[in-house]
Amino acid sequence: MPTSPSASPLPAPRTETDGSAVIRVLSYNIRSMRDDTDALARVITACAPDLVLIQEAPRFFRWRKKLARLAAASGQVVLSGGATASGPALLCSLRATVERTEDVLLPLTPGLHRRGFATAVVRFGRARVGVLSCHLSLQKDERHEQGRLLLDHLSALDTPYAVAGGDLNERPGGRTFKRLSTELQDGWAVAPWGGEYTSTPGDPHQRIDALFATEGVRFLGCGVPLDHPGVTEADLRAATDHLPVLAALRVPATQATLAAPAAQATSAAPAAPGAQDGSG
């Protein structure tokens with residue numbers, strides 16, 4: 001695999017005295033857990049994320065148990081998504097305080113795979129952030145429309161700051177990727193760290209997975225965790241058919257943090273405790 005462009009370690013999660021928070025966010029296409037799930041759990045654990053944006057979560061027989069088993073094995077809890085979002089899912093650490101979750105099914109184009117978003121609003125200290133995991137279409141026109149819907153749903157979360165990411169099935173030169181990177185910050189573009197290419201683990205040659213954030217969020221580093229402590233090349237190759245994207249971000253404190261309502265779980269999963277084209 002290509003070497004990392006930066007040898008600097010990624011900042012660890014923490015909450016600052018002013019209420020702002022440094023959080024780690026991981027985006028990962030896990031191919032329905034059809035590969036080495038032990039290797040997958042080791043990669044997630046080593047990255048020590050506060051939020052995991054999953055694509056291709058299990059969607060069929062006992063899918064909730066499979067996703068919960070992965071969460072438990074990697075020090076996370078299930079936040080939202082899975083079959084009820086048609087694949088995207090969210091995991092979080094116990095550091096997160098959950099305000100609400102929502103799974104969104106996107107319009108179905110006959111003959112194409114159903115797509116959706118897993119979304120949530122969470123807090124870390126006084127930093128309040130919206131989160132969205134996506135897996136966009138292989139068909140370019142449908143994908144472009146889903147990019148518009150992504151921006152609309154991210155705005156509808158009505159949070160001062162937001163993070164979105166996933167498998168875009170498109171390279172940075174594509175019109176949907178450009179649309180998102182025009183409206184949002186592209187983590188790799190503003191703070192490259194680790195490796196760039198996410199597909200495929202055996203021959204990384206294209207960046208079709210990405211993490212984005214709204215204005216005000218500061219990327220402290222973003223990329224494939226090639227040299228991250230505890231992450232091995234063997235595990236990255238065995239875990240799934242994509243490489244993950246890991247970022248550290250600083251989220252400012254919300255000046256008027258609302259009292260958090262009880263976490264509202266959708267039918268997708270149990271609520272967490274408070275505290276150019278690519279491949280498929």
# chains A, B, ... in the order shown; residues from 1 in each chain; ligands from 1
>>> select_by_dssp(residues="stretch 209-247 of chain A", states="alpha helix (DSSP H)", output="list in words")
Glu233, Ala234, Asp235, Leu236, Arg237, Ala238 and Ala239 of chain A
>>> closest_atom_pairs(of="stretch 128-205 of chain A", to="stretch 71-87 of chain A", cutoff="10 Å", atoms="only C-alpha atoms", output="JSON lines")
{"residue": "A:Ser133", "atom": "CA", "partner": "A:Gly81", "partner_atom": "CA", "distance": 8.8}
{"residue": "A:Cys134", "atom": "CA", "partner": "A:Gly87", "partner_atom": "CA", "distance": 8.4}
{"residue": "A:His135", "atom": "CA", "partner": "A:Gly87", "partner_atom": "CA", "distance": 7.6}
>>> closest_residue(among="A:Arg126, A:Arg115, A:Arg179, A:Arg100", to="A:Glu16", atoms="only C-alpha atoms")
A:Arg126
>>> closest_residue(among="A:Thr232, A:Thr159, A:Asn169, A:Thr254", to="A:Gly130", atoms="only C-alpha atoms")
A:Thr159
>>> residues_around(residues="stretch 41-49 of chain A", least_positions_apart="2", cutoff="10 Å", atoms="only C-alpha atoms", output="PyMOL selection string")
chain A and resi 10+12-13+23-28+36-39+51-53+69-76+91-93+225+228-233+235-236+239+244-248
>>> residues_around(residues="A:Glu142", least_positions_apart="2", cutoff="12 Å", atoms="only C-alpha atoms", output="JSON, numbers by chain")
{"A": [106, 107, 108, 109, 110, 111, 112, 113, 114, 115, 135, 136, 137, 138, 139, 140, 144, 145, 146, 147, 148, 149, 168, 169, 175, 176]}
>>> residues_around(residues="A:Val217", least_positions_apart="6", cutoff="7 Å", atoms="only C-alpha atoms", output="VMD selection string")
chain A and resid 161 249 to 252
>>> write_last_selection(atoms="C-alpha atoms", output="CSV table (one decimal), in the first residue's frame")
chain,number,residue,atom,x,y,z
A,161,TYR,CA,-22.4,21.6,12.9
A,249,LEU,CA,-12.3,16.9,14.0
A,250,ARG,CA,-12.7,19.8,16.4
A,251,VAL,CA,-16.3,20.7,16.9
A,252,PRO,CA,-17.0,24.0,18.6
>>> atom_distance(atom1="atom CA of A:Leu243", atom2="atom CA of A:Thr214")
23.5 Å
>>> select_by_dssp(residues="stretch 12-219 of chain A", states="strand (DSSP E)", output="number ranges by chain")
A: 14-15, 21-29, 51-55, 77-81, 89-92, 97-105, 116-124, 127-135, 161-167, 185-186, 209-213, 218-219
>>> closest_residue(among="A:Asp158, A:Ile30, A:Lys65, A:Arg14", to="A:Ala96", atoms="only C-alpha atoms")
A:Arg14
>>> atom_distance(atom1="atom CA of A:Glu99", atom2="atom CA of A:Thr15")
18.2 Å
>>> closest_residue(among="A:Arg59, A:Arg64, A:Arg218, A:Arg123", to="A:Arg95", atoms="only C-alpha atoms")
A:Arg123
>>> atom_distance(atom1="atom CA of A:Glu183", atom2="atom CA of A:His153")
13.2 Å
>>> residues_around(residues="A:Val131", least_positions_apart="5", cutoff="7 Å", atoms="only C-alpha atoms", output="MDAnalysis selection string")
chainID A and resid 119:121 162:164
>>> write_last_selection(atoms="N, CA and C atoms", output="JSON list (two decimals), in the first residue's frame")
[["chain", "number", "residue", "atom", "x", "y", "z"],
["A", 119, "THR", "N", -29.09, 8.65, 10.03],
["A", 119, "THR", "CA", -28.78, 9.97, 10.57],
["A", 119, "THR", "C", -29.00, 10.00, 12.08],
["A", 120, "ALA", "N", -28.35, 10.96, 12.72],
["A", 120, "ALA", "CA", -28.49, 11.14, 14.17],
["A", 120, "ALA", "C", -28.04, 12.54, 14.55],
["A", 121, "VAL", "N", -28.46, 12.95, 15.74],
["A", 121, "VAL", "CA", -27.93, 14.16, 16.38],
["A", 121, "VAL", "C", -27.35, 13.74, 17.72],
["A", 162, "ALA", "N", -22.26, 19.70, 11.38],
["A", 162, "ALA", "CA", -22.65, 18.37, 10.92],
["A", 162, "ALA", "C", -21.49, 17.70, 10.19],
["A", 163, "VAL", "N", -21.54, 16.36, 10.21],
["A", 163, "VAL", "CA", -20.54, 15.52, 9.54],
["A", 163, "VAL", "C", -21.30, 14.51, 8.70],
["A", 164, "ALA", "N", -20.83, 14.30, 7.48],
["A", 164, "ALA", "CA", -21.43, 13.30, 6.59],
["A", 164, "ALA", "C", -20.31, 12.52, 5.92]]
>>> decode(residues="stretch 106-156 of chain A", atoms="N, CA and C atoms", output="CSV table (one decimal), in the first residue's frame")
chain,number,residue,atom,x,y,z
A,106,LEU,N,-34.5,6.5,0.5
A,106,LEU,CA,-34.6,7.4,-0.6
A,106,LEU,C,-35.5,6.8,-1.7
A,107,PRO,N,-35.9,7.7,-2.6
A,107,PRO,CA,-36.8,7.2,-3.7
A,107,PRO,C,-36.2,6.1,-4.5
A,108,LEU,N,-37.0,5.1,-4.8
A,108,LEU,CA,-36.5,3.9,-5.5
A,108,LEU,C,-36.6,4.1,-7.0
A,109,THR,N,-35.5,3.9,-7.7
A,109,THR,CA,-35.6,3.8,-9.2
A,109,THR,C,-35.8,2.4,-9.6
A,110,PRO,N,-36.8,2.1,-10.3
A,110,PRO,CA,-37.0,0.7,-10.7
A,110,PRO,C,-35.8,0.1,-11.4
A,111,GLY,N,-35.5,-1.1,-10.9
A,111,GLY,CA,-34.3,-1.9,-11.4
A,111,GLY,C,-33.0,-1.6,-10.8
A,112,LEU,N,-33.0,-0.6,-9.8
A,112,LEU,CA,-31.8,-0.3,-9.1
A,112,LEU,C,-32.0,-0.6,-7.6
A,113,HIS,N,-30.8,-0.7,-7.0
A,113,HIS,CA,-30.8,-1.0,-5.5
A,113,HIS,C,-31.4,0.2,-4.7
A,114,ARG,N,-32.2,-0.2,-3.7
A,114,ARG,CA,-32.7,0.9,-2.8
A,114,ARG,C,-31.6,1.5,-2.0
A,115,ARG,N,-31.6,2.8,-1.8
A,115,ARG,CA,-30.6,3.4,-1.0
A,115,ARG,C,-31.2,4.2,0.1
A,116,GLY,N,-30.4,4.6,1.1
A,116,GLY,CA,-30.9,5.3,2.2
A,116,GLY,C,-29.9,6.0,3.0
A,117,PHE,N,-30.2,6.8,4.0
A,117,PHE,CA,-29.3,7.5,4.9
A,117,PHE,C,-29.6,7.0,6.4
A,118,ALA,N,-28.5,6.9,7.1
A,118,ALA,CA,-28.7,6.7,8.6
A,118,ALA,C,-28.2,8.1,9.2
A,119,THR,N,-29.1,8.6,10.0
A,119,THR,CA,-28.8,10.0,10.6
A,119,THR,C,-29.0,10.0,12.1
A,120,ALA,N,-28.4,11.0,12.7
A,120,ALA,CA,-28.5,11.1,14.2
A,120,ALA,C,-28.0,12.5,14.5
A,121,VAL,N,-28.5,13.0,15.7
A,121,VAL,CA,-27.9,14.2,16.4
A,121,VAL,C,-27.4,13.7,17.7
A,122,VAL,N,-26.1,14.1,17.9
A,122,VAL,CA,-25.4,13.6,19.2
A,122,VAL,C,-24.6,14.8,19.8
A,123,ARG,N,-24.2,14.7,21.0
A,123,ARG,CA,-23.4,15.7,21.7
A,123,ARG,C,-22.2,15.1,22.3
A,124,PHE,N,-21.1,15.8,22.3
A,124,PHE,CA,-19.9,15.5,23.0
A,124,PHE,C,-19.5,16.7,23.8
A,125,GLY,N,-19.7,16.7,25.2
A,125,GLY,CA,-19.6,17.9,26.0
A,125,GLY,C,-20.7,18.9,25.5
A,126,ARG,N,-20.3,20.1,25.2
A,126,ARG,CA,-21.2,21.1,24.7
A,126,ARG,C,-21.2,21.2,23.1
A,127,ALA,N,-20.5,20.3,22.5
A,127,ALA,CA,-20.5,20.2,21.0
A,127,ALA,C,-21.6,19.4,20.5
A,128,ARG,N,-22.5,20.0,19.7
A,128,ARG,CA,-23.7,19.3,19.2
A,128,ARG,C,-23.5,19.2,17.7
A,129,VAL,N,-23.7,17.9,17.2
A,129,VAL,CA,-23.4,17.7,15.8
A,129,VAL,C,-24.4,16.7,15.2
A,130,GLY,N,-24.7,17.0,14.0
A,130,GLY,CA,-25.5,16.1,13.2
A,130,GLY,C,-24.6,15.1,12.4
A,131,VAL,N,-25.1,13.9,12.2
A,131,VAL,CA,-24.3,12.9,11.5
A,131,VAL,C,-25.1,12.2,10.5
A,132,LEU,N,-24.5,11.9,9.3
A,132,LEU,CA,-25.2,11.2,8.2
A,132,LEU,C,-24.2,10.2,7.6
A,133,SER,N,-24.7,9.0,7.4
A,133,SER,CA,-23.9,7.9,6.7
A,133,SER,C,-24.7,7.6,5.4
A,134,CYS,N,-23.9,7.5,4.3
A,134,CYS,CA,-24.6,7.3,3.0
A,134,CYS,C,-23.8,6.3,2.2
A,135,HIS,N,-24.5,5.7,1.2
A,135,HIS,CA,-23.9,4.8,0.2
A,135,HIS,C,-24.7,5.2,-1.1
A,136,LEU,N,-24.0,6.0,-2.0
A,136,LEU,CA,-24.7,6.5,-3.1
A,136,LEU,C,-24.7,5.6,-4.3
A,137,SER,N,-25.6,5.9,-5.2
A,137,SER,CA,-25.9,5.0,-6.3
A,137,SER,C,-24.8,4.8,-7.3
A,138,LEU,N,-24.8,3.6,-8.0
A,138,LEU,CA,-23.8,3.4,-9.1
A,138,LEU,C,-24.2,4.1,-10.3
A,139,GLN,N,-25.5,4.5,-10.4
A,139,GLN,CA,-26.1,5.2,-11.6
A,139,GLN,C,-25.9,6.7,-11.5
A,140,LYS,N,-25.2,7.3,-12.4
A,140,LYS,CA,-24.7,8.7,-12.2
A,140,LYS,C,-25.8,9.7,-12.0
A,141,ASP,N,-27.0,9.6,-12.7
A,141,ASP,CA,-28.0,10.6,-12.5
A,141,ASP,C,-28.7,10.4,-11.2
A,142,GLU,N,-29.0,9.2,-10.8
A,142,GLU,CA,-29.6,8.9,-9.5
A,142,GLU,C,-28.6,9.3,-8.4
A,143,ARG,N,-27.3,9.1,-8.6
A,143,ARG,CA,-26.3,9.5,-7.6
A,143,ARG,C,-26.3,11.0,-7.4
A,144,HIS,N,-26.4,11.7,-8.5
A,144,HIS,CA,-26.4,13.2,-8.4
A,144,HIS,C,-27.6,13.7,-7.6
A,145,GLU,N,-28.8,13.1,-7.8
A,145,GLU,CA,-30.0,13.5,-7.1
A,145,GLU,C,-29.8,13.1,-5.6
A,146,GLN,N,-29.2,12.0,-5.3
A,146,GLN,CA,-29.0,11.6,-3.9
A,146,GLN,C,-28.0,12.5,-3.3
A,147,GLY,N,-27.1,13.1,-4.0
A,147,GLY,CA,-26.2,14.1,-3.4
A,147,GLY,C,-27.0,15.3,-3.0
A,148,ARG,N,-27.9,15.7,-3.8
A,148,ARG,CA,-28.8,16.9,-3.4
A,148,ARG,C,-29.6,16.5,-2.2
A,149,LEU,N,-30.2,15.3,-2.1
A,149,LEU,CA,-31.0,14.9,-1.0
A,149,LEU,C,-30.1,14.8,0.3
A,150,LEU,N,-28.8,14.4,0.1
A,150,LEU,CA,-27.9,14.4,1.3
A,150,LEU,C,-27.8,15.7,1.9
A,151,LEU,N,-27.5,16.7,1.1
A,151,LEU,CA,-27.4,18.1,1.6
A,151,LEU,C,-28.7,18.6,2.2
A,152,ASP,N,-29.8,18.2,1.6
A,152,ASP,CA,-31.1,18.7,2.2
A,152,ASP,C,-31.3,18.0,3.6
A,153,HIS,N,-31.0,16.7,3.7
A,153,HIS,CA,-31.2,16.0,5.0
A,153,HIS,C,-30.2,16.5,6.0
A,154,LEU,N,-29.0,16.8,5.6
A,154,LEU,CA,-28.0,17.3,6.5
A,154,LEU,C,-28.5,18.6,7.1
A,155,SER,N,-29.0,19.5,6.3
A,155,SER,CA,-29.5,20.8,6.7
A,155,SER,C,-30.7,20.6,7.6
A,156,ALA,N,-31.6,19.6,7.3
A,156,ALA,CA,-32.8,19.4,8.1
A,156,ALA,C,-32.5,18.9,9.5
